>>> print(open('model-v3.txt').read())   # compact mmCIF, C-alpha atoms
# COMPACT_ATOMS: atom_id res chain seq x y z
CA MET A 1 77.22 128.94 94.58
CA VAL A 2 76.16 128.42 90.98
CA THR A 3 75.81 131.67 89.07
CA ASP A 4 73.21 132.54 86.44
CA LYS A 5 75.97 132.92 83.87
CA GLU A 6 77.18 129.36 84.49
CA LEU A 7 73.65 128.04 84.06
CA GLN A 8 73.18 130.09 80.91
CA ASN A 9 76.42 128.69 79.54
CA ASP A 10 75.14 125.18 80.27
CA GLU A 11 72.00 125.88 78.31
CA ARG A 12 73.93 127.34 75.41
CA ILE A 13 76.35 124.40 75.25
CA SER A 14 73.44 121.99 75.34
CA ALA A 15 71.55 123.93 72.65
CA TYR A 16 74.68 123.96 70.48
CA LEU A 17 75.23 120.21 70.86
CA ARG A 18 71.64 119.51 69.89
CA GLY A 19 71.72 121.86 66.93
CA GLU A 20 69.01 124.05 68.46
CA MET A 21 70.72 127.41 67.95
CA THR A 22 69.87 129.83 65.20
CA ALA A 23 72.68 130.69 62.79
CA ASP A 24 73.25 134.00 64.58
CA GLU A 25 73.29 132.42 68.02
CA GLU A 26 75.72 129.77 66.85
CA ALA A 27 78.06 132.33 65.32
CA ALA A 28 78.05 134.36 68.54
CA PHE A 29 78.63 131.24 70.61
CA LYS A 30 81.59 130.16 68.47
CA LYS A 31 83.10 133.61 68.66
CA GLU A 32 82.80 133.61 72.43
CA LEU A 33 84.46 130.21 72.59
CA GLU A 34 87.53 131.74 71.01
CA THR A 35 87.89 134.40 73.68
CA ASP A 36 86.30 132.98 76.83
CA GLU A 37 88.60 130.35 78.27
CA GLU A 38 86.13 129.28 80.97
CA LEU A 39 83.35 128.71 78.45
CA ARG A 40 85.77 126.82 76.19
CA SER A 41 86.86 124.53 79.02
CA GLN A 42 83.23 123.97 80.10
CA ALA A 43 82.14 123.17 76.53
CA ASN A 44 85.05 120.85 75.92
CA ALA A 45 84.35 118.89 79.11
CA VAL A 46 80.66 118.54 78.21
CA ALA A 47 81.64 117.27 74.76
CA HIS A 48 83.87 114.61 76.34
CA LEU A 49 81.05 113.70 78.69
CA ALA A 50 78.49 113.43 75.88
CA LYS A 51 80.80 111.35 73.72
CA ALA A 52 81.66 108.97 76.56
CA MET A 53 77.97 108.53 77.36
CA ARG A 54 77.20 107.82 73.73
CA GLN A 55 79.93 105.16 73.58
CA VAL A 56 79.18 103.51 76.91
CA GLY A 57 75.40 103.80 76.47
CA GLU A 58 75.41 102.18 73.04
CA LYS A 59 77.45 99.28 74.35
CA GLN A 60 75.13 98.82 77.33
CA ASP A 61 72.06 98.93 75.11
CA GLU A 62 73.57 96.30 72.83
CA ASP A 63 74.16 94.05 75.83
CA ILE A 64 70.54 94.47 76.93
CA LYS A 65 69.24 93.75 73.42
CA GLU A 66 71.38 90.62 73.30
CA ALA A 67 70.08 89.58 76.70
CA LEU A 68 66.50 90.09 75.48
CA LEU A 69 67.15 87.96 72.42
CA SER A 70 68.45 85.10 74.51
CA SER A 71 65.61 85.26 77.04
CA ASP A 72 62.11 83.86 76.98
CA GLU A 73 58.83 85.44 78.00
CA GLU A 74 58.65 83.56 81.27
CA SER A 75 61.99 84.76 82.58
CA VAL A 76 61.34 88.34 81.46
CA ARG A 77 57.92 88.28 83.10
CA LYS A 78 59.53 86.99 86.30
CA ILE A 79 62.16 89.75 86.30
CA ALA A 80 59.59 92.49 85.76
CA ALA A 81 57.37 91.06 88.47
CA GLU A 82 60.24 90.83 90.94
CA VAL A 83 61.35 94.39 90.29
CA THR A 84 57.88 95.89 90.67
CA HIS A 85 56.84 93.60 93.49
CA LYS A 86 58.44 95.70 96.23
CA ALA A 87 56.14 98.58 95.56
CA LYS A 88 52.98 96.58 95.05
CA VAL A 89 50.06 97.74 97.17
CA ILE A 90 48.89 94.96 99.47
CA PRO A 91 45.26 95.06 100.64
CA LEU A 92 44.86 95.21 104.45
CA ARG A 93 43.32 91.76 104.82
CA ARG A 94 46.32 90.22 103.08
CA ARG A 95 48.90 92.00 105.17
CA LEU A 96 48.75 89.60 108.12
CA VAL A 97 49.30 86.65 105.81
CA LYS A 98 52.21 88.55 104.30
CA VAL A 99 53.77 89.18 107.72
CA VAL A 100 53.63 85.48 108.62
CA SER A 101 55.04 84.53 105.22
CA LEU A 102 57.75 87.10 105.61
CA ALA A 103 58.82 85.68 108.96
CA ALA A 104 59.17 82.26 107.36
CA CYS A 105 61.09 83.80 104.48
CA VAL A 106 63.48 85.54 106.87
CA LEU A 107 64.38 82.18 108.43
CA LEU A 108 64.98 80.72 105.01
CA LEU A 109 66.94 83.73 103.84
CA VAL A 110 69.31 83.65 106.81
CA GLY A 111 70.53 80.32 105.47
CA VAL A 112 70.55 81.34 101.84
CA GLY A 113 71.85 84.80 102.72
CA PHE A 114 74.98 83.42 104.34
CA GLN A 115 75.84 81.49 101.21
CA TYR A 116 75.00 84.51 99.08
CA TYR A 117 77.26 86.69 101.23
CA ASN A 118 80.17 84.35 100.55
CA PHE A 119 79.34 84.32 96.87
CA ARG A 120 79.23 88.12 96.75
CA ALA A 121 82.44 88.47 98.75
CA VAL A 122 84.29 86.40 96.14
CA THR A 123 82.59 87.64 92.97
CA GLY A 124 82.69 91.22 94.32
CA LEU A 125 86.49 91.06 94.34
CA GLY A 126 86.35 90.05 90.68
CA ASP A 127 84.16 93.07 89.94
CA THR A 128 86.43 95.44 91.89
CA TYR A 129 89.68 94.29 90.35
CA GLY A 130 88.27 93.36 86.94
CA SER A 131 89.08 96.62 85.21
CA ALA A 132 92.55 97.12 86.70
CA PHE A 133 94.40 96.61 83.43
CA VAL A 134 91.71 97.38 80.86
CA SER A 135 93.61 100.18 79.15
CA GLU A 136 96.70 98.06 78.65
CA GLN A 137 94.96 95.26 76.87
CA PRO A 138 95.35 94.35 73.18
CA LEU A 139 93.05 96.95 71.61
CA SER A 140 95.50 99.70 72.44
CA ARG A 141 98.62 97.59 72.29
CA GLY A 142 98.43 96.68 68.61
CA ALA A 143 99.27 93.01 68.82
CA GLU A 144 101.13 91.60 65.85
CA ASN A 145 98.77 88.76 65.21
CA GLU A 146 95.33 90.18 64.54
CA THR A 147 93.46 86.92 65.11
CA VAL A 148 95.13 86.46 68.46
CA ALA A 149 94.40 90.06 69.42
CA LYS A 150 90.77 89.67 68.37
CA GLU A 151 90.25 86.54 70.38
CA LEU A 152 91.94 87.95 73.46
CA THR A 153 89.97 91.18 73.26
CA SER A 154 86.76 89.22 73.09
CA LEU A 155 87.79 86.95 76.00
CA TYR A 156 88.82 89.93 78.14
CA ALA A 157 85.51 91.61 77.35
CA ASN A 158 83.70 88.48 78.49
CA VAL A 159 85.63 88.62 81.76
CA GLN A 160 84.83 92.31 82.20
CA ASN A 161 81.14 91.71 81.59
CA GLY A 162 80.94 88.40 83.43
CA LYS A 163 79.70 86.81 80.22
CA ASP A 164 80.04 83.12 79.17
CA LEU A 165 82.35 82.61 82.11
CA ASP A 166 82.63 78.82 81.87
CA ALA A 167 83.66 78.82 78.22
CA THR A 168 85.89 81.86 78.74
CA ILE A 169 87.71 80.25 81.67
CA LYS A 170 88.19 77.07 79.66
CA ARG A 171 89.79 78.92 76.77
CA LEU A 172 91.84 81.28 78.94
CA SER A 173 93.20 78.29 80.87
CA VAL A 174 94.51 76.80 77.61
CA LEU A 175 96.01 80.14 76.58
CA TRP A 176 97.50 80.62 80.04
CA GLU A 177 99.37 77.33 79.68
CA LEU A 178 100.52 78.29 76.18
CA SER A 179 101.61 81.75 77.22
CA THR A 180 103.71 80.46 80.10
CA MET A 181 105.54 77.84 78.01
CA ASP A 182 109.31 78.18 77.74
CA THR A 183 109.21 78.52 73.97
CA PHE A 184 108.17 81.91 72.59
CA ASN A 185 104.76 81.90 70.88
CA ASP A 186 101.90 84.27 69.96
CA TYR A 187 100.72 84.40 73.56
CA THR A 188 104.01 84.82 75.41
CA ASN A 189 103.86 88.61 75.62
CA GLU A 190 100.25 88.44 76.74
CA ALA A 191 100.93 86.07 79.64
CA PRO A 192 100.44 88.60 82.49
CA TYR A 193 97.10 89.77 81.08
CA ILE A 194 95.88 86.28 80.25
CA GLY A 195 96.76 85.17 83.78
CA TRP A 196 95.17 88.23 85.33
CA ASN A 197 91.95 87.84 83.35
CA LEU A 198 91.82 84.14 84.14
CA ALA A 199 92.09 84.93 87.85
CA ILE A 200 89.36 87.57 87.62
CA ALA A 201 87.13 85.23 85.60
CA ASN A 202 87.50 82.56 88.27
CA LEU A 203 86.61 85.05 90.97
CA LYS A 204 83.56 86.22 89.07
CA ASN A 205 82.63 82.58 88.71
CA ASN A 206 82.91 82.16 92.48
CA ASP A 207 85.90 79.80 92.22
CA LYS A 208 88.25 81.17 94.86
CA ASP A 209 90.69 78.27 94.82
CA ALA A 210 91.24 78.40 91.08
CA ALA A 211 91.80 82.17 91.28
CA LYS A 212 94.34 81.71 94.08
CA GLU A 213 96.23 79.12 92.07
CA VAL A 214 96.47 81.36 89.01
CA LEU A 215 97.48 84.41 91.05
CA THR A 216 100.20 82.49 92.89
CA ARG A 217 101.66 81.37 89.59
CA LEU A 218 101.23 84.81 88.07
CA ILE A 219 103.18 86.36 90.95
CA SER A 220 106.03 83.91 90.44
CA LYS A 221 106.10 84.57 86.70
CA THR A 222 106.04 88.36 86.76
CA GLU A 223 108.72 90.80 87.76
CA ASP A 224 108.64 91.84 91.38
CA GLY A 225 107.16 95.34 91.65
CA SER A 226 105.54 95.32 88.17
CA ALA A 227 101.92 96.50 88.04
CA VAL A 228 100.45 93.02 87.51
CA ASN A 229 102.71 91.56 90.18
CA VAL A 230 101.72 94.17 92.74
CA LYS A 231 98.00 93.92 91.98
CA SER A 232 98.14 90.11 92.03
CA LYS A 233 99.73 90.10 95.46
CA GLU A 234 97.16 92.58 96.72
CA LEU A 235 94.28 90.55 95.34
CA LEU A 236 95.67 87.26 96.62
CA GLU A 237 95.93 88.76 100.08
CA LYS A 238 92.30 89.88 99.94
CA ILE A 239 91.09 86.46 98.82
CA LYS A 240 92.89 84.80 101.71
CA MET B 1 71.23 73.55 99.54
CA THR B 2 72.02 74.67 96.01
CA ILE B 3 71.42 78.24 95.02
CA GLN B 4 70.12 78.90 91.53
CA MET B 5 72.40 81.65 90.27
CA PRO B 6 70.93 84.00 87.68
CA THR B 7 72.26 83.67 84.14
CA TYR B 8 74.20 86.53 82.59
CA SER B 9 71.16 87.59 80.53
CA GLU B 10 68.95 87.57 83.60
CA LYS B 11 71.47 89.70 85.47
CA VAL B 12 71.64 92.23 82.63
CA LEU B 13 67.86 92.42 82.31
CA ASN B 14 67.41 92.64 86.04
CA GLN B 15 69.78 95.58 86.26
CA PHE B 16 68.00 97.30 83.39
CA ALA B 17 64.57 96.67 84.93
CA GLN B 18 65.66 97.97 88.32
CA LYS B 19 67.11 101.10 86.79
CA GLU B 20 63.98 101.76 84.75
CA TRP B 21 61.38 100.94 87.38
CA GLY B 22 61.99 103.94 89.60
CA LYS B 23 61.90 106.36 86.68
CA VAL B 24 58.85 104.78 85.06
CA GLN B 25 56.92 104.63 88.30
CA ALA B 26 57.61 108.27 89.17
CA PHE B 27 56.76 109.35 85.64
CA LEU B 28 53.45 107.44 85.45
CA LYS B 29 52.36 108.59 88.88
CA LYS B 30 53.15 112.23 88.30
CA GLN B 31 52.14 112.49 84.68
CA TYR B 32 48.98 110.39 84.71
CA SER B 33 48.19 110.14 88.44
CA LEU B 34 48.13 106.36 88.22
CA PRO B 35 47.94 104.20 91.36
CA ASP B 36 50.76 101.77 92.24
CA ASP B 37 48.93 98.71 90.94
CA ASP B 38 48.44 100.25 87.50
CA CYS B 39 52.09 101.32 87.39
CA ASN B 40 53.13 97.74 88.20
CA ASP B 41 50.91 96.28 85.48
CA ILE B 42 52.03 98.81 82.88
CA PHE B 43 55.70 98.19 83.67
CA GLN B 44 55.33 94.42 83.46
CA GLU B 45 53.34 94.50 80.23
CA SER B 46 55.75 96.99 78.68
CA PHE B 47 58.68 94.75 79.55
CA ILE B 48 57.05 91.89 77.66
CA ILE B 49 56.40 94.20 74.70
CA LEU B 50 60.06 95.18 74.76
CA LEU B 51 61.01 91.50 74.62
CA LYS B 52 58.64 90.86 71.72
CA ASN B 53 59.89 93.88 69.81
CA ALA B 54 63.47 92.70 70.30
CA LYS B 55 62.59 89.24 68.99
CA GLU B 56 60.83 90.79 65.99
CA GLY B 57 63.95 92.79 65.17
CA LYS B 58 62.29 96.14 65.88
CA LEU B 59 65.16 97.35 68.06
CA LYS B 60 67.79 96.98 65.36
CA ASP B 61 67.63 100.41 63.81
CA MET B 62 66.47 102.41 66.80
CA THR B 63 68.01 105.82 67.14
CA SER B 64 67.00 106.60 70.72
CA SER B 65 68.45 104.95 73.81
CA LEU B 66 66.78 101.76 74.99
CA SER B 67 65.68 103.55 78.14
CA THR B 68 63.87 106.25 76.18
CA TYR B 69 62.32 103.63 73.92
CA PHE B 70 61.11 101.66 76.91
CA LEU B 71 59.61 104.70 78.59
CA GLY B 72 57.80 105.37 75.30
CA ILE B 73 56.20 101.90 75.48
CA CYS B 74 55.17 102.52 79.09
CA ARG B 75 53.68 105.87 78.16
CA ASN B 76 51.64 104.32 75.34
CA LYS B 77 50.37 101.61 77.67
CA ALA B 78 49.39 104.24 80.23
CA ARG B 79 47.47 106.20 77.63
CA GLU B 80 45.75 103.02 76.45
CA LEU B 81 44.73 102.23 80.00
CA LEU B 82 43.39 105.73 80.60
CA ARG B 83 41.43 105.61 77.37
CA SER B 84 39.94 102.25 78.33
CA LYS B 85 38.90 103.75 81.65
CA LYS B 86 37.38 106.64 79.72
CA HIS B 87 39.75 109.19 81.19
CA SER B 88 40.50 111.96 78.81
CA VAL B 89 44.20 112.13 78.09
CA ASN B 90 45.25 115.68 77.67
CA ILE B 91 47.96 115.54 75.04
CA ASP B 92 49.04 119.07 75.86
CA ASP B 93 49.89 117.94 79.38
CA ASP B 94 52.17 115.35 77.88
CA TYR B 95 54.67 117.78 76.43
CA THR B 96 57.31 117.15 79.04
CA PHE B 97 58.00 113.66 77.76
CA ASP B 98 58.86 114.74 74.27
CA ALA B 99 62.52 113.96 74.11
CA MET B 100 64.78 116.74 72.97
CA SER B 101 66.79 116.54 69.78
CA ASP B 102 69.72 114.17 69.86
CA VAL B 103 73.17 115.39 70.70
CA LYS B 104 74.88 115.63 67.31
CA ASP B 105 78.17 113.86 66.68
CA GLU B 106 79.37 116.65 64.45
CA LYS B 107 78.81 119.23 67.19
CA ILE B 108 80.54 117.05 69.79
CA ASN B 109 83.54 116.77 67.50
CA ASN B 110 83.61 120.52 66.95
CA LEU B 111 83.82 121.10 70.69
CA LEU B 112 86.40 118.37 71.11
CA THR B 113 88.73 120.24 68.78
CA LEU B 114 88.89 122.92 71.49
CA ASP B 115 90.95 120.52 73.58
CA SER B 116 94.16 122.27 74.53
CA ALA B 117 96.16 119.01 74.65
CA LYS B 118 95.45 117.04 71.50
CA SER B 119 97.61 114.00 72.27
CA LEU B 120 96.58 110.66 73.75
CA ILE B 121 93.03 110.92 72.44
CA GLU B 122 92.20 107.23 72.93
CA GLN B 123 93.46 107.20 76.50
CA LYS B 124 91.53 110.35 77.32
CA GLU B 125 88.36 108.89 75.87
CA ALA B 126 88.91 105.79 77.98
CA LEU B 127 89.23 107.99 81.08
CA ALA B 128 85.97 109.78 80.26
CA ARG B 129 84.24 106.43 79.78
CA GLN B 130 85.56 105.24 83.10
CA ILE B 131 84.18 108.32 84.86
CA VAL B 132 80.72 108.05 83.31
CA HIS B 133 80.64 104.37 84.28
CA ASP B 134 81.12 105.22 87.94
CA LEU B 135 79.03 108.36 88.37
CA PRO B 136 77.48 108.61 91.83
CA LYS B 137 73.83 109.39 92.49
CA PRO B 138 72.12 111.70 91.50
CA CYS B 139 74.68 112.60 88.80
CA ASN B 140 74.27 109.24 87.10
CA GLU B 141 70.50 109.68 86.76
CA LEU B 142 70.73 113.30 85.67
CA LEU B 143 73.61 113.15 83.23
CA TRP B 144 72.61 109.86 81.63
CA GLY B 145 69.03 111.08 81.40
CA PHE B 146 70.02 114.36 79.80
CA PHE B 147 72.86 113.38 77.47
CA ARG B 148 72.06 109.79 76.56
CA ASP B 149 68.28 109.51 76.91
CA ASN B 150 67.69 113.08 75.75
CA TYR B 151 65.11 113.84 78.40
CA SER B 152 64.26 117.47 78.98
CA LEU B 153 64.92 119.06 82.37
CA GLN B 154 61.16 118.96 83.00
CA THR B 155 60.97 115.22 82.36
CA LEU B 156 63.98 114.61 84.58
CA ALA B 157 62.38 116.68 87.32
CA ILE B 158 59.28 114.48 87.14
CA MET B 159 61.30 111.27 87.16
CA LEU B 160 63.35 112.33 90.14
CA SER B 161 60.45 113.99 91.95
CA LYS B 162 62.38 117.28 92.11
CA THR B 163 61.88 120.79 90.80
CA VAL B 164 63.24 121.92 87.45
CA GLY B 165 65.44 124.43 89.28
CA TYR B 166 66.99 121.68 91.37
CA VAL B 167 67.62 119.57 88.28
CA LYS B 168 69.22 122.49 86.44
CA VAL B 169 71.60 123.40 89.27
CA THR B 170 72.44 119.81 90.19
CA LYS B 171 73.12 118.93 86.55
CA HIS B 172 75.52 121.85 86.37
CA ARG B 173 77.30 120.72 89.55
CA CYS B 174 77.56 117.18 88.19
CA GLN B 175 79.06 118.47 84.96
CA GLU B 176 81.57 120.48 86.95
CA LYS B 177 82.48 117.41 89.01
CA PHE B 178 83.03 115.54 85.77
CA ARG B 179 85.17 118.39 84.42
CA LYS B 180 87.33 118.40 87.55
CA ARG B 181 87.72 114.64 87.74
CA TYR B 182 88.46 114.40 84.04
CA GLY B 183 90.94 117.28 84.24
CA ASP B 184 92.76 115.67 87.18
CA LEU B 185 93.00 112.30 85.45
CA VAL B 186 94.21 113.83 82.19
CA LYS B 187 96.86 115.81 84.07
CA ALA B 188 98.06 112.57 85.66
CA LEU B 189 98.14 110.96 82.23
CA LEU B 190 100.20 113.66 80.52
>>> encode(input="model-v3.txt", output="structure tokens")
Amino acid sequence: MVTDKELQNDERISAYLRGEMTADEEAAFKKELETDEELRSQANAVAHLAKAMRQVGEKQDEDIKEALLSSDEESVRKIAAEVTHKAKVIPLRRRLVKVVSLAACVLLLVGVGFQYYNFRAVTGLGDTYGSAFVSEQPLSRGAENETVAKELTSLYANVQNGKDLDATIKRLSVLWELSTMDTFNDYTNEAPYIGWNLAIANLKNNDKDAAKEVLTRLISKTEDGSAVNVKSKELLEKIK
Amino acid sequence: MTIQMPTYSEKVLNQFAQKEWGKVQAFLKKQYSLPDDDCNDIFQESFIILLKNAKEGKLKDMTSSLSTYFLGICRNKARELLRSKKHSVNIDDDYTFDAMSDVKDEKINNLLTLDSAKSLIEQKEALARQIVHDLPKPCNELLWGFFRDNYSLQTLAIMLSKTVGYVKVTKHRCQEKFRKRYGDLVKALL
């Protein structure tokens, strides 16, 4: 049961965050934060929530703006029409025609749908496992070579977002070979993550066989029981 | 048979359009009593305007979220349509849309200093981002709408076809779920 006090606290936290409190209200609120542990915990959690939404939201908006810039009017018109189409009101006299057309579409979709199911089953695994090692990737690891770290971060981001998959796979494949060479180089320490991302990229690109090949090699190259090794085995099992 | 797979841009725009359509439709119907056909037309035209504005560089310095900006375009189109049909648009009835003030960075940071455990800040932020990424319905609509798009509780109630009371209580419950989940993950991290 939500109490009035909890709702009032919500309103006060929100008003504080938006700078909508008077000086007196703000002073009283800050004073209460010092003594009321529950309010402090509630306010702190909301601040984390608001900050995370700001960060994630800005990134998502940038992706959409980029997508708009690389699209033309025709494709955007098509997308908008498809999205709104479901709810479009169909006059009675056209409904019969629609029903007949729909029946034909169902037959067609059964065929297409089966292929799409397979596609989703494979790419869906890429989506599910894609973020497994996000926090351990170069941004937080402080790689020695900044250029290498920059490139890898960008490639991993492409994998995460399913962006430029063909080019990303091509480059990751080269780096995967480099990283697994016997001689130590800039990519050696990154090998598990390069391999993992390459496998995920292949899955997202609906290339099951390529993903299996990378995972098999990744398993043989990583220590038994390590996080990447365990996840790779798990994923390989699911693909099979 | 070959299947034409959508490009990355198409996928991104499709997701955005799908997310916006429900909100826009509910808003236009409730706020302006528009029929489905008009809602469809307004949405489609607004999407093209959004594209044109992006190409003209008008989205570069925007301060609001893209969702709020897009709803603003839809609202203007609706008002244009009503004017052309000689309906009087009562501006006073439109108050619910007015987005609230933005959440201020400085205030967020003040509240973040209340954190009892000040270590591992980056990891904790990553955890919070992960949670907001995966919010279930209706928390995703409510919390994103309130904290990112800066919609008032009244506007959210219209968009979700619920009462303001429901929105207020559900938003609180969603925040509490976030607090618990975040707390559990941080505990596991420390």
>>> residues_around(input="model-v3.txt", residues="Leu112 in chain B", least_positions_apart="6", cutoff="12 Å", atoms="only C-alpha atoms", output="CSV table (one decimal) with C-alpha atoms, in the frame of the given file")
chain,number,residue,atom,x,y,z
A,17,LEU,CA,75.2,120.2,70.9
A,40,ARG,CA,85.8,126.8,76.2
A,41,SER,CA,86.9,124.5,79.0
A,42,GLN,CA,83.2,124.0,80.1
A,43,ALA,CA,82.1,123.2,76.5
A,44,ASN,CA,85.0,120.8,75.9
A,45,ALA,CA,84.4,118.9,79.1
A,46,VAL,CA,80.7,118.5,78.2
A,47,ALA,CA,81.6,117.3,74.8
A,48,HIS,CA,83.9,114.6,76.3
A,49,LEU,CA,81.0,113.7,78.7
A,50,ALA,CA,78.5,113.4,75.9
A,51,LYS,CA,80.8,111.4,73.7
A,52,ALA,CA,81.7,109.0,76.6
B,105,ASP,CA,78.2,113.9,66.7
B,106,GLU,CA,79.4,116.6,64.4
B,118,LYS,CA,95.4,117.0,71.5
B,121,ILE,CA,93.0,110.9,72.4
B,124,LYS,CA,91.5,110.4,77.3
B,125,GLU,CA,88.4,108.9,75.9
>>> residues_around(input="model-v3.txt", residues="range 165-170 of chain A", least_positions_apart="2", cutoff="8 Å", atoms="only C-alpha atoms", output="ChimeraX atom specification")
/A:155,158-159,162-163,172-174,198,201-202,204-205
>>> write_last_selection(input="model-v3.txt", atoms="C-alpha atoms", output="PDB file, keeping the file's coordinate frame")
ATOM      1  CA  LEU A 155      87.790  86.950  76.000  1.00  0.00           C
ATOM      2  CA  ASN A 158      83.700  88.480  78.490  1.00  0.00           C
ATOM      3  CA  VAL A 159      85.630  88.620  81.760  1.00  0.00           C
ATOM      4  CA  GLY A 162      80.940  88.400  83.430  1.00  0.00           C
ATOM      5  CA  LYS A 163      79.700  86.810  80.220  1.00  0.00           C
ATOM      6  CA  LEU A 172      91.840  81.280  78.940  1.00  0.00           C
ATOM      7  CA  SER A 173      93.200  78.290  80.870  1.00  0.00           C
ATOM      8  CA  VAL A 174      94.510  76.800  77.610  1.00  0.00           C
ATOM      9  CA  LEU A 198      91.820  84.140  84.140  1.00  0.00           C
ATOM     10  CA  ALA A 201      87.130  85.230  85.600  1.00  0.00           C
ATOM     11  CA  ASN A 202      87.500  82.560  88.270  1.00  0.00           C
ATOM     12  CA  LYS A 204      83.560  86.220  89.070  1.00  0.00           C
ATOM     13  CA  ASN A 205      82.630  82.580  88.710  1.00  0.00           C
TER      14      ASN A 205
END
>>> atom_distance(input="model-v3.txt", atom1="CA of Lys85 in chain B", atom2="CA of Ser46 in chain B")
18.4 Å
>>> closest_atom_pairs(input="model-v3.txt", of="chain A", to="chain B", cutoff="8 Å", atoms="all atoms listed in the file", output="tab-separated table")
residue	atom	partner	partner_atom	distance
A:Val2	CA	B:Val169	CA	7.0
A:Glu6	CA	B:His172	CA	7.9
A:Leu7	CA	B:His172	CA	6.9
A:Asp10	CA	B:His172	CA	7.0
A:Tyr16	CA	B:Lys107	CA	7.1
A:Leu17	CA	B:Lys107	CA	5.2
A:Arg18	CA	B:Val103	CA	4.5
A:Gly19	CA	B:Lys104	CA	7.0
A:Glu20	CA	B:Ser101	CA	7.9
A:Arg40	CA	B:Leu114	CA	6.9
A:Ser41	CA	B:Asp115	CA	7.9
A:Gln42	CA	B:Arg179	CA	7.3
A:Ala43	CA	B:Leu111	CA	6.4
A:Asn44	CA	B:Leu111	CA	5.4
A:Ala45	CA	B:Arg179	CA	5.4
A:Val46	CA	B:Gln175	CA	6.9
A:Ala47	CA	B:Ile108	CA	5.1
A:His48	CA	B:Ala128	CA	6.6
A:Leu49	CA	B:Ala128	CA	6.5
A:Ala50	CA	B:Phe147	CA	5.9
A:Lys51	CA	B:Ile108	CA	6.9
A:Ala52	CA	B:Arg129	CA	4.8
A:Met53	CA	B:Arg148	CA	6.1
A:Arg54	CA	B:Arg148	CA	6.2
A:Gln55	CA	B:Arg129	CA	7.7
A:Val56	CA	B:Arg129	CA	6.5
A:Gly57	CA	B:Arg148	CA	6.9
A:Glu58	CA	B:Ser65	CA	7.5
A:Asp61	CA	B:Leu66	CA	6.0
A:Asp63	CA	B:Val12	CA	7.5
A:Ile64	CA	B:Val12	CA	6.2
A:Lys65	CA	B:Ala54	CA	6.6
A:Glu66	CA	B:Ser9	CA	7.8
A:Ala67	CA	B:Ser9	CA	4.4
A:Leu68	CA	B:Leu51	CA	5.7
A:Leu69	CA	B:Lys55	CA	5.8
A:Ser70	CA	B:Ser9	CA	7.1
A:Ser71	CA	B:Ser9	CA	7.0
A:Glu73	CA	B:Ile48	CA	6.7
A:Ser75	CA	B:Glu10	CA	7.6
A:Val76	CA	B:Ile48	CA	6.7
A:Arg77	CA	B:Ile48	CA	6.6
A:Ile79	CA	B:Asn14	CA	6.0
A:Ala80	CA	B:Gln44	CA	5.2
A:Ala81	CA	B:Gln44	CA	6.4
A:Val83	CA	B:Gln18	CA	5.9
A:Thr84	CA	B:Asn40	CA	5.7
A:His85	CA	B:Asn40	CA	7.7
A:Ala87	CA	B:Asp36	CA	7.1
A:Lys88	CA	B:Asp37	CA	6.2
A:Val89	CA	B:Asp37	CA	6.4
A:Val112	CA	B:Ile3	CA	7.5
A:Ser135	CA	B:Ala126	CA	7.4
A:Gly162	CA	B:Tyr8	CA	7.0
A:Lys163	CA	B:Tyr8	CA	6.0
A:Asp164	CA	B:Tyr8	CA	7.6
>>> atom_distance(input="model-v3.txt", atom1="CA of Lys231 in chain A", atom2="CA of Glu213 in chain A")
14.9 Å
>>> atom_distance(input="model-v3.txt", atom1="CA of Pro192 in chain A", atom2="CA of Ala210 in chain A")
16.2 Å
